[in-house]
file upload_32.csv (CSV, N, CA and C atoms)
chain,number,residue,atom,x,y,z
A,86,MET,N,-20.9,-40.0,113.9
A,86,MET,CA,-22.0,-39.1,113.4
A,86,MET,C,-21.4,-37.7,113.3
A,87,LYS,N,-21.7,-37.0,112.2
A,87,LYS,CA,-21.3,-35.7,112.0
A,87,LYS,C,-22.5,-34.7,112.4
A,88,SER,N,-22.1,-33.5,112.6
A,88,SER,CA,-23.0,-32.4,113.0
A,88,SER,C,-22.7,-31.1,112.2
A,89,TYR,N,-23.7,-30.4,111.8
A,89,TYR,CA,-23.5,-29.1,111.1
A,89,TYR,C,-24.5,-28.1,111.7
A,90,ARG,N,-24.0,-26.9,111.8
A,90,ARG,CA,-24.9,-25.8,112.3
A,90,ARG,C,-24.6,-24.5,111.5
A,91,LYS,N,-25.7,-23.8,111.2
A,91,LYS,CA,-25.6,-22.6,110.5
A,91,LYS,C,-26.8,-21.7,110.8
A,92,GLU,N,-26.5,-20.4,110.9
A,92,GLU,CA,-27.6,-19.4,111.1
A,92,GLU,C,-27.8,-18.7,109.8
A,93,LEU,N,-29.1,-18.6,109.4
A,93,LEU,CA,-29.5,-17.7,108.2
A,93,LEU,C,-30.2,-16.5,108.8
A,94,TRP,N,-29.8,-15.3,108.3
A,94,TRP,CA,-30.4,-14.1,108.8
A,94,TRP,C,-31.3,-13.5,107.7
A,95,PHE,N,-32.4,-12.9,108.2
A,95,PHE,CA,-33.4,-12.2,107.4
A,95,PHE,C,-33.8,-10.9,107.9
A,96,ASN,N,-34.0,-9.9,107.0
A,96,ASN,CA,-34.5,-8.6,107.4
A,96,ASN,C,-35.5,-8.2,106.3
A,97,THR,N,-36.7,-8.6,106.4
A,97,THR,CA,-37.7,-8.4,105.4
A,97,THR,C,-38.1,-6.9,105.2
A,98,LYS,N,-38.5,-6.6,104.0
A,98,LYS,CA,-38.9,-5.3,103.6
A,98,LYS,C,-40.3,-4.9,104.0
A,99,LYS,N,-41.1,-6.0,104.3
A,99,LYS,CA,-42.5,-5.8,104.7
A,99,LYS,C,-42.7,-6.5,106.0
A,100,GLN,N,-43.8,-6.1,106.6
A,100,GLN,CA,-44.2,-6.7,107.9
A,100,GLN,C,-44.4,-8.2,107.9
A,101,ARG,N,-45.1,-8.6,106.8
A,101,ARG,CA,-45.3,-10.1,106.6
A,101,ARG,C,-44.8,-10.5,105.2
A,102,GLU,N,-44.1,-11.6,105.2
A,102,GLU,CA,-43.6,-12.1,103.9
A,102,GLU,C,-43.4,-13.6,104.1
A,103,PHE,N,-43.5,-14.3,102.9
A,103,PHE,CA,-43.2,-15.7,102.8
A,103,PHE,C,-42.0,-15.8,101.9
A,104,ILE,N,-40.9,-16.4,102.3
A,104,ILE,CA,-39.7,-16.5,101.5
A,104,ILE,C,-39.3,-18.0,101.3
A,105,ASN,N,-39.1,-18.4,100.1
A,105,ASN,CA,-38.7,-19.8,99.8
A,105,ASN,C,-37.2,-19.8,100.1
A,106,ILE,N,-36.9,-20.6,101.2
A,106,ILE,CA,-35.5,-20.7,101.6
A,106,ILE,C,-34.9,-22.1,101.2
A,107,THR,N,-35.6,-22.8,100.3
A,107,THR,CA,-35.1,-24.2,99.9
A,107,THR,C,-33.7,-24.1,99.3
A,108,PRO,N,-33.4,-23.2,98.4
A,108,PRO,CA,-32.0,-23.1,97.8
A,108,PRO,C,-31.0,-22.9,98.9
A,109,MET,N,-31.3,-22.1,99.9
A,109,MET,CA,-30.3,-21.9,101.0
A,109,MET,C,-30.1,-23.1,101.8
A,110,ILE,N,-31.2,-23.9,102.1
A,110,ILE,CA,-31.1,-25.1,102.8
A,110,ILE,C,-30.4,-26.2,102.0
A,111,GLU,N,-30.6,-26.2,100.7
A,111,GLU,CA,-29.9,-27.2,99.9
A,111,GLU,C,-28.4,-26.9,99.9
A,112,GLU,N,-28.0,-25.6,100.0
A,112,GLU,CA,-26.6,-25.3,100.1
A,112,GLU,C,-26.0,-25.7,101.4
A,113,CYS,N,-26.8,-25.6,102.5
A,113,CYS,CA,-26.4,-26.1,103.8
A,113,CYS,C,-26.1,-27.6,103.7
A,114,VAL,N,-27.0,-28.3,103.1
A,114,VAL,CA,-26.8,-29.8,103.0
A,114,VAL,C,-25.5,-30.1,102.3
A,115,LYS,N,-25.2,-29.4,101.2
A,115,LYS,CA,-24.0,-29.6,100.5
A,115,LYS,C,-22.8,-29.3,101.4
A,116,GLU,N,-22.8,-28.1,102.0
A,116,GLU,CA,-21.7,-27.7,102.9
A,116,GLU,C,-21.5,-28.7,104.0
A,117,SER,N,-22.5,-29.4,104.5
A,117,SER,CA,-22.4,-30.3,105.6
A,117,SER,C,-21.7,-31.6,105.2
A,118,SER,N,-21.8,-31.9,103.9
A,118,SER,CA,-21.3,-33.2,103.4
A,118,SER,C,-21.9,-34.4,104.0
A,119,ILE,N,-23.1,-34.2,104.6
A,119,ILE,CA,-23.8,-35.4,105.2
A,119,ILE,C,-24.7,-36.0,104.1
A,120,LYS,N,-24.6,-37.3,104.0
A,120,LYS,CA,-25.3,-38.0,102.9
A,120,LYS,C,-26.6,-38.6,103.4
A,121,GLU,N,-26.6,-39.1,104.7
A,121,GLU,CA,-27.8,-39.7,105.3
A,121,GLU,C,-28.0,-39.1,106.6
A,122,GLY,N,-29.1,-38.5,106.9
A,122,GLY,CA,-29.3,-37.9,108.2
A,122,GLY,C,-30.6,-37.2,108.3
A,123,LEU,N,-30.7,-36.2,109.2
A,123,LEU,CA,-31.8,-35.4,109.4
A,123,LEU,C,-31.4,-33.9,109.4
A,124,LEU,N,-32.3,-33.1,108.9
A,124,LEU,CA,-32.1,-31.6,108.9
A,124,LEU,C,-33.2,-31.0,109.8
A,125,LEU,N,-32.9,-30.2,110.7
A,125,LEU,CA,-33.8,-29.4,111.5
A,125,LEU,C,-33.6,-28.0,111.1
A,126,CYS,N,-34.7,-27.3,110.8
A,126,CYS,CA,-34.7,-25.9,110.4
A,126,CYS,C,-35.7,-25.2,111.2
A,127,ASN,N,-35.3,-24.2,112.1
A,127,ASN,CA,-36.3,-23.6,112.9
A,127,ASN,C,-36.1,-22.1,113.0
A,128,ALA,N,-37.2,-21.4,113.1
A,128,ALA,CA,-37.2,-19.9,113.4
A,128,ALA,C,-36.7,-19.7,114.8
A,129,MET,N,-35.8,-18.7,115.0
A,129,MET,CA,-35.3,-18.4,116.3
A,129,MET,C,-36.0,-17.2,117.0
A,130,HIS,N,-37.1,-16.8,116.4
A,130,HIS,CA,-37.9,-15.7,116.9
A,130,HIS,C,-39.4,-16.1,117.0
A,131,ILE,N,-40.1,-15.6,118.0
A,131,ILE,CA,-41.4,-16.0,118.3
A,131,ILE,C,-42.5,-15.3,117.4
A,132,THR,N,-42.1,-14.6,116.5
A,132,THR,CA,-43.0,-14.0,115.5
A,132,THR,C,-42.6,-14.3,114.1
A,133,ALA,N,-41.9,-15.5,113.9
A,133,ALA,CA,-41.5,-16.0,112.6
A,133,ALA,C,-41.7,-17.5,112.6
A,134,SER,N,-41.8,-18.0,111.4
A,134,SER,CA,-42.1,-19.4,111.2
A,134,SER,C,-41.2,-20.1,110.2
A,135,VAL,N,-41.1,-21.4,110.2
A,135,VAL,CA,-40.5,-22.2,109.1
A,135,VAL,C,-41.5,-23.3,108.9
A,136,PHE,N,-41.9,-23.5,107.6
A,136,PHE,CA,-42.9,-24.5,107.3
A,136,PHE,C,-42.6,-25.0,105.9
A,137,ILE,N,-43.3,-26.1,105.6
A,137,ILE,CA,-43.1,-26.8,104.3
A,137,ILE,C,-44.5,-26.7,103.6
A,138,ASN,N,-44.4,-26.2,102.3
A,138,ASN,CA,-45.6,-26.2,101.5
A,138,ASN,C,-45.2,-26.0,100.0
A,139,ASP,N,-46.2,-25.7,99.2
A,139,ASP,CA,-46.0,-25.5,97.8
A,139,ASP,C,-45.6,-24.1,97.5
A,140,ASP,N,-44.8,-23.8,96.5
A,140,ASP,CA,-44.4,-22.5,96.2
A,140,ASP,C,-45.3,-22.0,95.1
A,141,GLU,N,-46.5,-21.6,95.4
A,141,GLU,CA,-47.5,-21.1,94.5
A,141,GLU,C,-48.1,-19.8,95.0
A,142,SER,N,-48.0,-18.7,94.2
A,142,SER,CA,-48.4,-17.4,94.7
A,142,SER,C,-49.8,-17.3,95.2
A,143,GLY,N,-50.7,-18.0,94.5
A,143,GLY,CA,-52.1,-18.0,95.0
A,143,GLY,C,-52.3,-18.6,96.4
A,144,LEU,N,-51.5,-19.7,96.6
A,144,LEU,CA,-51.6,-20.3,97.9
A,144,LEU,C,-51.0,-19.4,99.0
A,145,HIS,N,-50.0,-18.7,98.7
A,145,HIS,CA,-49.4,-17.7,99.6
A,145,HIS,C,-50.4,-16.6,99.9
A,146,GLN,N,-51.1,-16.1,99.0
A,146,GLN,CA,-52.2,-15.2,99.2
A,146,GLN,C,-53.3,-15.8,100.1
A,147,ASP,N,-53.6,-17.0,99.9
A,147,ASP,CA,-54.6,-17.7,100.7
A,147,ASP,C,-54.1,-17.8,102.2
A,148,PHE,N,-52.8,-18.1,102.3
A,148,PHE,CA,-52.2,-18.2,103.7
A,148,PHE,C,-52.5,-16.8,104.4
A,149,GLU,N,-52.1,-15.7,103.7
A,149,GLU,CA,-52.2,-14.4,104.2
A,149,GLU,C,-53.7,-14.1,104.6
A,150,ARG,N,-54.6,-14.4,103.8
A,150,ARG,CA,-56.0,-14.2,104.1
A,150,ARG,C,-56.5,-15.0,105.2
A,151,PHE,N,-56.2,-16.3,105.2
A,151,PHE,CA,-56.5,-17.2,106.3
A,151,PHE,C,-56.0,-16.7,107.6
A,152,LEU,N,-54.7,-16.4,107.7
A,152,LEU,CA,-54.1,-16.0,108.9
A,152,LEU,C,-54.7,-14.7,109.4
A,153,GLU,N,-55.0,-13.8,108.5
A,153,GLU,CA,-55.6,-12.5,108.9
A,153,GLU,C,-57.0,-12.6,109.5
A,154,LYS,N,-57.7,-13.6,108.9
A,154,LYS,CA,-59.1,-13.9,109.5
A,154,LYS,C,-59.0,-14.5,110.9
A,155,LEU,N,-58.0,-15.4,111.1
A,155,LEU,CA,-57.8,-16.0,112.4
A,155,LEU,C,-57.2,-15.1,113.5
A,156,ALA,N,-56.3,-14.2,113.1
A,156,ALA,CA,-55.6,-13.4,114.0
A,156,ALA,C,-55.4,-12.0,113.3
A,157,PRO,N,-56.4,-11.2,113.2
A,157,PRO,CA,-56.3,-9.9,112.5
A,157,PRO,C,-55.3,-9.0,113.2
A,158,GLU,N,-54.5,-8.3,112.5
A,158,GLU,CA,-53.5,-7.3,113.0
A,158,GLU,C,-54.2,-6.2,113.9
A,159,LYS,N,-55.3,-5.7,113.3
A,159,LYS,CA,-56.0,-4.5,114.0
A,159,LYS,C,-57.4,-4.9,114.2
A,160,PRO,N,-58.1,-4.3,115.2
A,160,PRO,CA,-57.6,-3.2,116.1
A,160,PRO,C,-56.6,-3.8,117.1
A,161,TYR,N,-55.5,-3.0,117.4
A,161,TYR,CA,-54.5,-3.5,118.3
A,161,TYR,C,-55.0,-3.7,119.7
A,162,ASP,N,-56.0,-3.0,120.1
A,162,ASP,CA,-56.5,-3.1,121.5
A,162,ASP,C,-57.3,-4.4,121.7
A,163,GLN,N,-57.5,-5.2,120.7
A,163,GLN,CA,-58.2,-6.5,120.9
A,163,GLN,C,-57.4,-7.5,121.6
A,164,TYR,N,-56.0,-7.2,121.7
A,164,TYR,CA,-55.1,-8.2,122.3
A,164,TYR,C,-54.5,-7.6,123.6
A,165,LYS,N,-54.5,-8.4,124.7
A,165,LYS,CA,-53.9,-8.0,126.0
A,165,LYS,C,-52.4,-7.9,125.8
A,166,HIS,N,-51.8,-8.6,124.9
A,166,HIS,CA,-50.3,-8.5,124.7
A,166,HIS,C,-49.9,-7.2,124.3
A,167,ASN,N,-50.7,-6.5,123.5
A,167,ASN,CA,-50.3,-5.2,122.9
A,167,ASN,C,-50.3,-4.0,123.8
A,168,THR,N,-49.4,-4.1,124.8
A,168,THR,CA,-49.1,-3.0,125.7
A,168,THR,C,-47.8,-2.4,125.4
A,169,TYR,N,-46.8,-3.2,125.0
A,169,TYR,CA,-45.5,-2.6,124.6
A,169,TYR,C,-45.3,-2.6,123.1
A,170,GLU,N,-45.5,-3.7,122.5
A,170,GLU,CA,-45.5,-3.8,121.0
A,170,GLU,C,-46.8,-4.2,120.5
A,171,ASN,N,-47.2,-3.8,119.3
A,171,ASN,CA,-48.4,-4.1,118.7
A,171,ASN,C,-48.2,-5.3,117.7
A,172,ASN,N,-47.8,-6.5,118.3
A,172,ASN,CA,-47.5,-7.6,117.5
A,172,ASN,C,-48.1,-8.9,118.0
A,173,ALA,N,-49.2,-8.8,118.8
A,173,ALA,CA,-49.8,-10.0,119.3
A,173,ALA,C,-50.3,-10.9,118.1
A,174,ASP,N,-50.8,-10.3,117.1
A,174,ASP,CA,-51.2,-11.1,115.9
A,174,ASP,C,-50.1,-12.0,115.3
A,175,ALA,N,-48.9,-11.4,115.3
A,175,ALA,CA,-47.7,-12.1,114.8
A,175,ALA,C,-47.4,-13.4,115.6
A,176,HIS,N,-47.5,-13.3,116.9
A,176,HIS,CA,-47.3,-14.4,117.8
A,176,HIS,C,-48.3,-15.5,117.5
A,177,LEU,N,-49.5,-15.1,117.3
A,177,LEU,CA,-50.6,-16.1,117.0
A,177,LEU,C,-50.4,-16.7,115.6
A,178,LYS,N,-50.0,-15.9,114.6
A,178,LYS,CA,-49.8,-16.4,113.3
A,178,LYS,C,-48.6,-17.4,113.3
A,179,ARG,N,-47.6,-17.2,114.0
A,179,ARG,CA,-46.4,-18.1,114.1
A,179,ARG,C,-46.9,-19.4,114.7
A,180,THR,N,-47.7,-19.3,115.7
A,180,THR,CA,-48.2,-20.6,116.4
A,180,THR,C,-49.0,-21.4,115.4
A,181,ILE,N,-49.8,-20.8,114.5
A,181,ILE,CA,-50.6,-21.5,113.5
A,181,ILE,C,-49.6,-22.1,112.5
A,182,MET,N,-48.6,-21.4,112.0
A,182,MET,CA,-47.8,-21.9,110.9
A,182,MET,C,-46.6,-22.8,111.4
A,183,GLY,N,-46.3,-22.7,112.6
A,183,GLY,CA,-45.3,-23.6,113.2
A,183,GLY,C,-43.9,-23.0,113.3
A,184,ARG,N,-43.1,-23.6,114.1
A,184,ARG,CA,-41.8,-23.2,114.5
A,184,ARG,C,-40.7,-23.8,113.6
A,185,GLU,N,-40.9,-25.1,113.2
A,185,GLU,CA,-39.7,-25.7,112.6
A,185,GLU,C,-40.2,-26.8,111.6
A,186,VAL,N,-39.2,-27.3,110.8
A,186,VAL,CA,-39.4,-28.5,110.0
A,186,VAL,C,-38.3,-29.4,110.2
A,187,VAL,N,-38.5,-30.7,110.0
A,187,VAL,CA,-37.5,-31.7,110.0
A,187,VAL,C,-37.6,-32.4,108.7
A,188,VAL,N,-36.5,-32.6,108.0
A,188,VAL,CA,-36.5,-33.2,106.7
A,188,VAL,C,-35.4,-34.3,106.6
A,189,ALA,N,-35.7,-35.4,106.1
A,189,ALA,CA,-34.7,-36.5,105.9
A,189,ALA,C,-33.8,-36.1,104.8
A,190,ILE,N,-32.5,-36.5,105.0
A,190,ILE,CA,-31.5,-36.3,104.0
A,190,ILE,C,-31.2,-37.7,103.5
A,191,THR,N,-31.3,-37.9,102.2
A,191,THR,CA,-31.1,-39.2,101.6
A,191,THR,C,-30.2,-39.0,100.4
A,192,ASP,N,-29.1,-39.7,100.4
A,192,ASP,CA,-28.1,-39.6,99.3
A,192,ASP,C,-27.7,-38.2,99.1
A,193,GLY,N,-27.5,-37.4,100.2
A,193,GLY,CA,-27.0,-36.0,100.1
A,193,GLY,C,-28.0,-35.0,99.6
A,194,LYS,N,-29.3,-35.4,99.6
A,194,LYS,CA,-30.3,-34.4,99.1
A,194,LYS,C,-31.5,-34.4,100.1
A,195,LEU,N,-32.2,-33.3,100.1
A,195,LEU,CA,-33.5,-33.2,100.9
A,195,LEU,C,-34.5,-34.2,100.3
A,196,ASP,N,-35.0,-35.1,101.2
A,196,ASP,CA,-35.9,-36.1,100.7
A,196,ASP,C,-37.4,-35.6,100.8
A,197,PHE,N,-37.8,-34.9,99.8
A,197,PHE,CA,-39.1,-34.2,99.7
A,197,PHE,C,-40.1,-35.0,99.0
A,198,GLY,N,-41.4,-34.7,99.3
A,198,GLY,CA,-42.5,-35.2,98.4
A,198,GLY,C,-42.6,-34.2,97.3
A,199,PRO,N,-43.5,-34.6,96.4
A,199,PRO,CA,-43.8,-33.7,95.2
A,199,PRO,C,-44.2,-32.3,95.7
A,200,TRP,N,-43.6,-31.3,95.1
A,200,TRP,CA,-43.9,-29.9,95.3
A,200,TRP,C,-43.5,-29.3,96.6
A,201,GLU,N,-42.9,-30.1,97.5
A,201,GLU,CA,-42.5,-29.6,98.8
A,201,GLU,C,-41.3,-28.6,98.8
A,202,GLN,N,-41.5,-27.5,99.4
A,202,GLN,CA,-40.4,-26.5,99.5
A,202,GLN,C,-40.4,-26.0,101.0
A,203,ILE,N,-39.3,-25.4,101.4
A,203,ILE,CA,-39.2,-24.9,102.8
A,203,ILE,C,-39.3,-23.4,102.7
A,204,PHE,N,-40.1,-22.8,103.6
A,204,PHE,CA,-40.4,-21.4,103.6
A,204,PHE,C,-40.1,-20.8,105.0
A,205,TYR,N,-39.6,-19.5,105.0
A,205,TYR,CA,-39.5,-18.7,106.1
A,205,TYR,C,-40.7,-17.8,106.1
A,206,GLY,N,-41.5,-17.8,107.2
A,206,GLY,CA,-42.7,-16.9,107.3
A,206,GLY,C,-42.4,-15.9,108.3
A,207,GLU,N,-42.5,-14.6,107.8
A,207,GLU,CA,-42.3,-13.5,108.7
A,207,GLU,C,-43.6,-12.8,109.0
A,208,PHE,N,-43.9,-12.6,110.3
A,208,PHE,CA,-45.2,-12.0,110.7
A,208,PHE,C,-45.0,-10.6,111.4
A,209,ASP,N,-43.8,-10.2,111.7
A,209,ASP,CA,-43.5,-9.0,112.4
A,209,ASP,C,-42.1,-8.5,111.9
A,210,GLY,N,-42.0,-8.2,110.7
A,210,GLY,CA,-40.7,-8.0,110.0
A,210,GLY,C,-40.1,-6.6,110.1
A,211,MET,N,-39.2,-6.4,109.2
A,211,MET,CA,-38.4,-5.2,109.0
A,211,MET,C,-37.4,-5.0,110.1
A,212,ARG,N,-36.8,-6.1,110.6
A,212,ARG,CA,-35.7,-6.1,111.6
A,212,ARG,C,-35.0,-7.5,111.4
A,213,ASN,N,-33.8,-7.6,111.9
A,213,ASN,CA,-33.0,-8.8,111.8
A,213,ASN,C,-33.6,-9.9,112.6
A,214,LYS,N,-33.7,-11.1,111.9
A,214,LYS,CA,-34.2,-12.3,112.6
A,214,LYS,C,-33.4,-13.4,112.0
A,215,ARG,N,-33.3,-14.5,112.8
A,215,ARG,CA,-32.5,-15.6,112.3
A,215,ARG,C,-33.2,-17.0,112.3
A,216,VAL,N,-32.7,-17.9,111.5
A,216,VAL,CA,-33.2,-19.2,111.4
A,216,VAL,C,-32.0,-20.1,111.6
A,217,LEU,N,-32.2,-21.2,112.4
A,217,LEU,CA,-31.2,-22.1,112.7
A,217,LEU,C,-31.3,-23.3,111.8
A,218,VAL,N,-30.2,-23.8,111.2
A,218,VAL,CA,-30.2,-25.0,110.4
A,218,VAL,C,-29.2,-25.9,111.1
A,219,LYS,N,-29.7,-27.1,111.5
A,219,LYS,CA,-28.9,-28.1,112.2
A,219,LYS,C,-29.1,-29.4,111.4
A,220,ILE,N,-27.9,-30.0,111.1
A,220,ILE,CA,-28.0,-31.3,110.3
A,220,ILE,C,-27.1,-32.3,111.1
A,221,ILE,N,-27.7,-33.5,111.3
A,221,ILE,CA,-26.9,-34.5,111.9
A,221,ILE,C,-27.0,-35.8,111.0
A,222,GLY,N,-25.9,-36.6,111.0
A,222,GLY,CA,-25.9,-37.8,110.2
A,222,GLY,C,-24.5,-38.2,109.8
A,223,GLU,N,-24.5,-39.0,108.8
A,223,GLU,CA,-23.2,-39.6,108.3
A,223,GLU,C,-23.0,-39.2,106.8
call {"tool": "encode", "arguments": {"input": "upload_32.csv", "output": "structure tokens"}}
result
Amino acid sequence: MKSYRKELWFNTKKQREFINITPMIEECVKESSIKEGLLLCNAMHITASVFINDDESGLHQDFERFLEKLAPEKPYDQYKHNTYENNADAHLKRTIMGREVVVAITDGKLDFGPWEQIFYGEFDGMRNKRVLVKIIGE
């Protein structure tokens, strides 16, 4: 069995962003030369997420509205965590959107359903953060 590991780094221009990282992940699959196996992709920071969904701008706006209703950024004093950094909402948003995805690799390609894409979700941005890509298989 072969193994591949790579870190992808992000520094978003906004506090919250959704970035389609599917092309980067597809490049990792090519680099790995693994034809049959599993890909794990996970955010290495507790205020960021990796998830699978559709790449549709209206849906991304819906995510933003939904998350802000569940875990509003302000007022900062509504959260006990906000004593050092005002990012408690980002921790909660990450928990809702998830830490990682696992995708099958079949015949050297991501084995997706229709419309599936991999996204990096940033909830406390404008600083360097990383995503781990780990691929195992033959």
call {"tool": "atom_distance", "arguments": {"input": "upload_32.csv", "atom1": "CA of Ile220 (chain A)", "atom2": "CA of Asn96 (chain A)"}}
result
23.8 Å
call {"tool": "residues_around", "arguments": {"input": "upload_32.csv", "residues": "region 175-188 of chain A", "least_positions_apart": "3", "cutoff": "10 Å", "atoms": "only C-alpha atoms", "output": "ChimeraX atom specification"}}
result
/A:100-101,122-137,148-149,151-153,155-158,166,171-172,191,194-197,203-210,216-220
call {"tool": "select_by_dssp", "arguments": {"input": "upload_32.csv", "residues": "region 133-190 of chain A", "states": "alpha helix (DSSP H)", "output": "MDAnalysis selection string"}}
result
chainID A and resid 142:155 173:182
call {"tool": "atom_distance", "arguments": {"input": "upload_32.csv", "atom1": "CA of Leu144 (chain A)", "atom2": "atom N of Phe103 (chain A)"}}
result
11.3 Å
call {"tool": "atom_distance", "arguments": {"input": "upload_32.csv", "atom1": "atom N of Lys87 (chain A)", "atom2": "atom C of Glu112 (chain A)"}}
result
16.2 Å
call {"tool": "residues_near_point", "arguments": {"input": "upload_32.csv", "point": "(-23.2, -32.6, 105.0)", "cutoff": "9 Å", "atoms": "only C-alpha atoms", "output": "NGL selection string"}}
result
:A and (87-89 or 113-122 or 193 or 220-223)
call {"tool": "select_by_dssp", "arguments": {"input": "upload_32.csv", "residues": "chain A", "states": "strand (DSSP E or B)", "output": "ChimeraX atom specification"}}
result
/A:87-95,102-105,122-128,133-138,185-191,194-195,202-207,214-222
call {"tool": "closest_residue", "arguments": {"input": "upload_32.csv", "among": "A:Met211, A:Ala173, A:Met109, A:Ile104", "to": "Ser142 (chain A)", "atoms": "only C-alpha atoms"}}
result
A:Ile104
call {"tool": "closest_residue", "arguments": {"input": "upload_32.csv", "among": "A:Asp139, A:Tyr164, A:Ile106, A:Ile190", "to": "Trp94 (chain A)", "atoms": "only C-alpha atoms"}}
result
A:Ile106
